[in-house]
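Peer 1: One file: start02.txt (compact mmCIF, C-alpha atoms).
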```
# COMPACT_ATOMS: atom_id res chain seq x y z
CA TYR A 1 20.23 -3.64 14.59
CA LEU A 2 18.36 -6.94 14.71
CA ASP A 3 20.23 -7.94 17.86
CA SER A 4 19.19 -4.64 19.44
CA LEU A 5 15.55 -5.42 18.72
CA ILE A 6 15.86 -8.98 20.03
CA ASN A 7 17.48 -7.66 23.22
CA GLN A 8 14.36 -5.55 23.76
CA GLY A 9 12.23 -8.70 23.82
CA ILE A 10 11.02 -8.28 20.23
CA THR A 11 10.58 -11.19 17.82
CA ILE A 12 11.84 -10.84 14.24
CA LEU A 13 9.42 -12.37 11.73
CA ASN A 14 10.94 -11.35 8.39
CA THR A 15 13.67 -9.02 7.20
CA SER A 16 14.41 -7.23 3.94
CA LYS A 17 17.86 -6.11 2.89
CA TRP A 18 16.30 -4.49 -0.18
CA LEU A 19 14.07 -2.22 1.90
CA ASN A 20 16.34 -2.09 4.96
CA SER A 21 13.40 -3.19 7.08
CA ALA A 22 12.18 -5.83 9.46
CA VAL A 23 8.79 -7.23 10.41
CA ILE A 24 8.58 -7.56 14.16
CA LYS A 25 6.10 -8.54 16.84
CA SER A 26 6.06 -8.50 20.58
CA GLU A 27 4.08 -9.86 23.48
CA GLY A 28 4.33 -7.74 26.58
CA VAL A 29 6.55 -5.03 25.07
CA LEU A 30 5.02 -1.69 24.12
CA LEU A 31 6.22 -1.53 20.53
CA PRO A 32 5.76 2.17 19.64
CA GLU A 33 7.46 3.38 22.80
CA THR A 34 10.26 0.84 22.51
CA ILE A 35 11.13 1.34 18.86
CA GLU A 36 10.82 5.13 19.02
CA ALA A 37 13.64 5.06 21.56
CA LEU A 38 15.97 3.35 19.07
CA ASP A 39 17.79 5.95 16.99
CA PHE A 40 18.40 3.62 14.01
CA ILE A 41 14.65 3.29 13.24
CA VAL A 42 13.48 5.94 10.78
CA ASP A 43 9.83 4.92 10.44
CA TYR A 44 7.38 2.15 11.30
CA GLU A 45 3.91 1.01 10.32
CA LYS A 46 1.38 -1.48 11.65
CA VAL A 47 1.03 -4.43 9.28
CA TYR A 48 -1.16 -6.80 11.31
CA SER A 49 -4.20 -6.39 13.55
CA GLU A 50 -5.66 -8.68 16.19
CA LEU A 51 -9.09 -8.90 14.62
CA THR A 52 -11.29 -11.70 15.91
CA LEU A 53 -13.26 -12.34 12.72
CA LYS A 54 -11.79 -14.44 9.96
CA SER A 55 -11.29 -12.49 6.76
CA LYS A 56 -14.32 -12.27 4.48
CA ILE A 57 -12.10 -11.21 1.59
CA SER A 58 -11.82 -13.99 -0.96
CA LYS A 59 -9.09 -13.05 -3.41
CA PHE A 60 -8.93 -16.40 -5.20
CA ASN A 61 -11.59 -16.82 -7.86
CA SER A 62 -12.31 -20.55 -7.83
CA ASN A 63 -15.33 -20.51 -10.13
CA ILE A 64 -15.29 -23.32 -12.67
CA LEU A 65 -16.55 -22.30 -16.08
CA GLU A 66 -18.87 -24.78 -17.71
CA GLY A 67 -18.68 -25.41 -21.41
CA GLN A 68 -17.27 -27.62 -24.12
CA LEU A 69 -13.67 -28.70 -23.55
CA PHE A 70 -11.63 -30.23 -26.33
CA ARG A 71 -9.29 -33.11 -25.69
CA ASN A 72 -5.98 -33.47 -27.44
CA SER A 73 -4.05 -36.73 -27.67
CA TYR A 74 -1.01 -35.19 -25.94
CA TYR A 75 -2.33 -32.27 -23.85
CA GLY A 76 -5.57 -33.96 -22.88
CA MET A 77 -8.17 -31.63 -21.36
CA GLY A 78 -5.49 -28.94 -21.04
CA PHE A 79 -5.26 -28.36 -24.80
CA GLU A 80 -7.37 -25.19 -24.91
CA GLN A 81 -5.53 -23.81 -21.91
CA ILE A 82 -2.07 -24.14 -23.44
CA SER A 83 -3.08 -23.31 -27.01
CA LEU A 84 -4.52 -19.93 -25.93
CA SER A 85 -0.97 -18.75 -25.23
CA GLN A 86 0.52 -20.87 -28.04
CA GLY A 87 2.51 -22.87 -25.52
CA ASN A 88 2.12 -25.92 -27.75
CA PHE A 89 3.88 -24.01 -30.56
CA LEU A 90 6.81 -23.29 -28.23
CA HIS A 91 6.93 -26.95 -27.23
CA ASP A 92 7.13 -27.96 -30.87
CA MET A 93 10.11 -25.60 -31.19
CA GLY A 94 11.79 -27.36 -28.26
CA TYR A 95 11.10 -24.73 -25.59
CA ARG A 96 9.77 -26.57 -22.55
CA GLY A 97 11.43 -24.56 -19.78
CA GLU A 98 14.60 -26.59 -19.49
CA GLY A 99 17.33 -24.85 -17.50
CA LEU A 100 15.05 -22.26 -15.91
CA ILE A 101 14.42 -21.85 -12.18
CA ILE A 102 10.93 -20.57 -11.36
CA ALA A 103 10.01 -19.38 -7.87
CA VAL A 104 6.26 -19.77 -7.27
CA LEU A 105 4.98 -17.36 -4.61
CA ASP A 106 1.52 -18.35 -3.46
CA ALA A 107 -0.82 -19.31 -0.62
CA GLY A 108 0.01 -23.01 -0.34
CA PHE A 109 0.63 -26.11 -2.39
CA TYR A 110 -1.86 -28.63 -1.09
CA GLY A 111 -1.20 -32.10 -2.50
CA ALA A 112 1.68 -31.06 -4.74
CA ASN A 113 3.89 -33.58 -2.93
CA TYR A 114 1.80 -36.57 -4.02
CA PHE A 115 -0.53 -35.72 -6.94
CA SER A 116 0.57 -37.69 -9.99
CA ALA A 117 0.68 -34.58 -12.18
CA PHE A 118 3.88 -33.62 -10.37
CA ASP A 119 5.59 -37.03 -10.33
CA SER A 120 8.00 -36.08 -13.09
CA LEU A 121 9.06 -32.94 -11.20
CA TRP A 122 9.88 -34.92 -8.07
CA ASP A 123 11.37 -37.91 -9.90
CA ARG A 124 13.74 -35.65 -11.87
CA SER A 125 14.60 -33.44 -8.86
CA ARG A 126 12.93 -30.41 -10.42
CA ILE A 127 11.30 -29.40 -7.15
CA LEU A 128 14.41 -27.73 -5.75
CA GLY A 129 12.89 -26.91 -2.38
CA TYR A 130 10.16 -25.07 -0.53
CA ARG A 131 9.77 -22.59 2.31
CA ASN A 132 6.98 -21.04 4.35
CA PHE A 133 7.29 -17.28 4.91
CA VAL A 134 3.93 -17.02 6.69
CA ASP A 135 4.71 -19.20 9.68
CA ASP A 136 6.73 -22.25 10.61
CA GLN A 137 3.76 -24.20 11.90
CA GLN A 138 1.95 -25.27 8.74
CA ASN A 139 3.18 -27.69 6.11
CA ILE A 140 2.84 -25.97 2.74
CA PHE A 141 1.55 -29.23 1.23
CA GLU A 142 -1.33 -29.25 3.72
CA SER A 143 -2.36 -25.61 3.27
CA HIS A 144 -4.30 -23.80 0.55
CA PRO A 145 -4.39 -25.47 -2.91
CA HIS A 146 -4.07 -22.31 -5.02
CA GLY A 147 -0.30 -22.62 -5.47
CA MET A 148 -0.77 -26.24 -6.50
CA TYR A 149 -3.22 -25.13 -9.20
CA VAL A 150 -0.70 -22.58 -10.46
CA LEU A 151 2.13 -25.09 -10.39
CA SER A 152 0.05 -27.56 -12.39
CA ILE A 153 -0.42 -25.05 -15.21
CA MET A 154 3.35 -24.76 -15.55
CA GLY A 155 4.82 -28.03 -14.33
CA GLY A 156 2.01 -30.57 -14.64
CA ASN A 157 3.05 -33.47 -16.84
CA ILE A 158 0.77 -36.40 -17.61
CA PRO A 159 0.78 -36.84 -21.40
CA GLY A 160 -2.75 -37.49 -22.62
CA GLN A 161 -4.29 -35.73 -19.61
CA LEU A 162 -2.43 -32.50 -18.76
CA VAL A 163 0.91 -31.05 -19.84
CA GLY A 164 1.88 -27.63 -18.52
CA THR A 165 3.71 -24.79 -20.21
CA ALA A 166 7.10 -25.46 -18.58
CA PRO A 167 7.27 -29.14 -17.59
CA GLU A 168 11.07 -29.18 -17.75
CA SER A 169 11.71 -26.13 -15.56
CA SER A 170 12.83 -26.41 -11.95
CA TYR A 171 10.75 -24.92 -9.16
CA TRP A 172 10.98 -23.42 -5.70
CA LEU A 173 7.65 -23.40 -3.85
CA LEU A 174 7.37 -20.38 -1.54
CA ARG A 175 4.33 -19.68 0.62
CA SER A 176 3.92 -15.95 1.28
CA GLU A 177 0.12 -15.63 1.42
CA ASP A 178 -1.99 -16.23 4.53
CA THR A 179 -5.53 -17.09 3.43
CA SER A 180 -6.93 -16.92 6.97
CA SER A 181 -6.70 -13.11 6.95
CA GLU A 182 -5.62 -10.18 4.80
CA PHE A 183 -3.14 -7.68 6.22
CA LEU A 184 -0.17 -5.65 5.00
CA ILE A 185 2.20 -8.16 6.51
CA GLU A 186 1.63 -10.36 3.46
CA GLU A 187 3.36 -7.78 1.29
CA ASP A 188 6.38 -8.08 3.56
CA ASN A 189 6.15 -11.87 3.31
CA TRP A 190 6.16 -11.46 -0.47
CA ILE A 191 9.28 -9.30 -0.39
CA ALA A 192 11.09 -11.76 1.89
CA ALA A 193 10.18 -14.60 -0.47
CA ALA A 194 11.32 -12.59 -3.50
CA GLU A 195 14.68 -11.85 -1.86
CA PHE A 196 15.03 -15.53 -1.08
CA ALA A 197 14.27 -16.37 -4.72
CA ASP A 198 16.99 -13.95 -5.80
CA SER A 199 19.49 -15.61 -3.46
CA LEU A 200 18.68 -18.96 -5.10
CA GLY A 201 19.36 -17.69 -8.60
CA ALA A 202 15.74 -17.84 -9.73
CA ASP A 203 15.12 -16.69 -13.30
CA ILE A 204 11.39 -16.09 -12.87
CA ILE A 205 9.06 -15.16 -10.02
CA ASN A 206 5.50 -16.31 -10.67
CA SER A 207 3.08 -14.66 -8.26
CA SER A 208 -0.65 -15.14 -8.67
CA LEU A 209 -1.21 -12.69 -5.83
CA GLY A 210 -2.24 -9.07 -5.48
CA TYR A 211 -3.16 -6.49 -2.86
CA TYR A 212 -5.40 -3.47 -2.42
CA GLU A 213 -8.00 -4.26 0.30
CA PHE A 214 -7.31 -5.53 3.81
CA ASP A 215 -9.21 -6.66 6.87
CA ASP A 216 -8.14 -3.44 8.57
CA PRO A 217 -9.48 -0.65 6.31
CA GLU A 218 -6.74 1.70 7.48
CA MET A 219 -4.28 -0.47 5.56
CA ASN A 220 -6.18 -0.32 2.26
CA HIS A 221 -4.44 0.97 -0.84
CA THR A 222 -6.03 3.76 -2.83
CA TYR A 223 -6.05 3.99 -6.60
CA GLU A 224 -3.43 6.74 -6.28
CA ASP A 225 -1.16 4.30 -4.43
CA LEU A 226 -1.02 2.10 -7.53
CA ASP A 227 1.48 4.24 -9.41
CA GLY A 228 3.99 1.44 -9.75
CA LYS A 229 6.34 2.70 -7.05
CA SER A 230 4.48 3.43 -3.82
CA THR A 231 3.28 0.21 -2.19
CA ARG A 232 5.94 -1.88 -0.49
CA VAL A 233 5.18 -4.96 -2.54
CA SER A 234 5.54 -3.00 -5.79
CA ILE A 235 8.81 -1.46 -4.61
CA GLY A 236 10.04 -4.97 -3.81
CA ALA A 237 8.87 -6.27 -7.18
CA ASN A 238 10.75 -3.49 -9.00
CA ILE A 239 13.91 -4.35 -7.09
CA ALA A 240 13.44 -8.03 -7.93
CA SER A 241 13.14 -7.07 -11.59
CA SER A 242 16.29 -4.93 -11.38
CA LYS A 243 18.18 -8.00 -10.14
CA GLY A 244 17.46 -9.71 -13.47
CA MET A 245 14.44 -11.82 -12.57
CA LEU A 246 11.32 -11.80 -14.73
CA VAL A 247 8.51 -10.99 -12.28
CA VAL A 248 5.06 -12.19 -13.39
CA ALA A 249 2.04 -11.13 -11.32
CA SER A 250 -1.71 -11.54 -11.43
CA ALA A 251 -3.71 -8.53 -12.57
CA GLY A 252 -6.47 -9.71 -10.22
CA ASN A 253 -10.09 -10.86 -10.32
CA GLU A 254 -11.66 -7.44 -9.76
CA GLY A 255 -12.77 -6.58 -13.31
CA ASN A 256 -16.45 -6.96 -12.41
CA ASP A 257 -16.13 -5.65 -8.85
CA PRO A 258 -16.44 -2.05 -7.65
CA TRP A 259 -12.62 -1.77 -7.53
CA HIS A 260 -12.16 -2.93 -11.18
CA TYR A 261 -8.45 -2.02 -11.27
CA ILE A 262 -5.32 -4.12 -11.27
CA LEU A 263 -3.60 -4.85 -7.96
CA ALA A 264 -0.17 -4.30 -6.45
CA PRO A 265 2.44 -5.46 -7.45
CA SER A 266 1.02 -5.80 -10.98
CA ASP A 267 1.22 -1.99 -11.22
CA ALA A 268 5.02 -2.05 -10.90
CA VAL A 269 7.02 -0.95 -13.91
CA GLY A 270 9.24 -4.04 -13.74
CA VAL A 271 6.37 -6.53 -13.54
CA LEU A 272 4.62 -8.46 -16.29
CA SER A 273 0.94 -8.14 -15.32
CA ILE A 274 -1.25 -10.99 -16.54
CA GLY A 275 -5.02 -10.98 -16.93
CA ALA A 276 -7.13 -14.02 -17.69
CA VAL A 277 -9.15 -15.01 -20.71
CA ASP A 278 -11.17 -18.09 -21.63
CA SER A 279 -11.70 -19.87 -24.90
CA LEU A 280 -14.48 -17.43 -25.87
CA ASN A 281 -12.65 -14.14 -25.09
```
As a first step, turn the structure in this file into structure tokens.
Peer 2:
Amino acid sequence: YLDSLINQGITILNTSKWLNSAVIKSEGVLLPETIEALDFIVDYEKVYSELTLKSKISKFNSNILEGQLFRNSYYGMGFEQISLSQGNFLHDMGYRGEGLIIAVLDAGFYGANYFSAFDSLWDRSRILGYRNFVDDQQNIFESHPHGMYVLSIMGGNIPGQLVGTAPESSYWLLRSEDTSSEFLIEEDNWIAAAEFADSLGADIINSSLGYYEFDDPEMNHTYEDLDGKSTRVSIGANIASSKGMLVVASAGNEGNDPWHYILAPSDAVGVLSIGAVDSLN
């Protein structure tokens, strides 16, 4: 099937065995007419638009809360962060993530290849690898820093300054999010990255990502779509869970926005949806 598409002058961007689908693009080939003539294609949907304006949607809440932070002799300024979830208690019991493979799906990992917080991961070969599912042009360590922030919460390890929740786990760094725009194609990127994580034997998928609004309003999800089984990314997340992986997803930053609901894939039945708190809530 893929060869048939390629022979039509179509480029394959990503594929999904789970959904029996492919993400394709073409320059100079009329896609609807071409693919409608192929009897093995049941359905298709536009997942990217050639909009000229850069996305105004900012899904990553980067606000820094001001207030009193308490330093701990071992966890440093990260003590409140880890004590909120009692990660320090687990550490005292000997649970520091050893033996687990965590796939981090995010927008980029700027600086994670040289910031000292990650030295122990690199020195002990706990960064197992990385891959870019958005494009093959950009180095994931020179793109958006959000994945680096997320990785630091788990794998950061500078005693006296910052120690993460799972400093002895091993990690795959997978870029599925394109911060320059917001289109449905990113859900397909997510699924491709999740399938890749499954093929690597990952125990956990950590995804601080979510979807409901896009640059092309025709792609937007409705509240009714978030039934845990309708959006493609939620379908993919449920399949990932059925394979035995623990899928952890962000509930989102929309609590004070007009949307004020969780996002896909955090609606999926097989997903652990995580909302944020601070030291006062």
Peer 1: Using 12 Å as the limit and counting all atoms listed in the file, can you tabulate each residue of segment 14-45 of chain A that touches segment 221-232 of chain A, with its shortest atom-to-atom distance in Å and the two atoms involved, as CSV?
Peer 2:
```
residue,atom,partner,partner_atom,distance
A:Ser16,CA,A:Arg232,CA,11.0
A:Trp18,CA,A:Arg232,CA,10.7
A:Leu19,CA,A:Arg232,CA,8.5
A:Asn20,CA,A:Arg232,CA,11.7
A:Ser21,CA,A:Arg232,CA,10.7
A:Glu45,CA,A:Arg232,CA,11.4
```
Peer 1: Taking (12.9, -24.9, -5.3) in the file's coordinates, which residues come within 6 Å, counting all atoms listed in the file, written as a VMD selection string?
Peer 2: chain A and resid 127 to 130 171 to 173
Peer 1: So how many Å separate atom CA of Val163 of chain A and atom CA of Glu80 of chain A, to one decimal?
Peer 2: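 Going from atom CA of Val163 of chain A over to atom CA of Glu80 of chain A, I get 11.3 Å.
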Peer 1: Do you know which residues are at most 12 Å from segment 191-203 of chain A counting all atoms listed in the file, after dropping those on the same chain fewer than 5 positions away, and could you put them as a PyMOL selection string?
Peer 2: chain A and resi 13-23+97-107+128-134+169-177+184-186+231-248+265
Peer 1: Calculate how many Å separate atom CA of Phe60 of chain A from atom CA of Asp188 of chain A, rounding to one decimal.
Peer 2: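 Distance reported for this atom pair: 19.5 Å.
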Peer 1: Which polymer residues, protein or nucleic acid, are no farther than 12 Å from (0.0, -21.4, -11.8), counting only C-alpha atoms, as an MDAnalysis selection string?
Peer 2: chainID A and resid 81 102:109 145:156 164:166 171 173 205:209 248:250 274 276
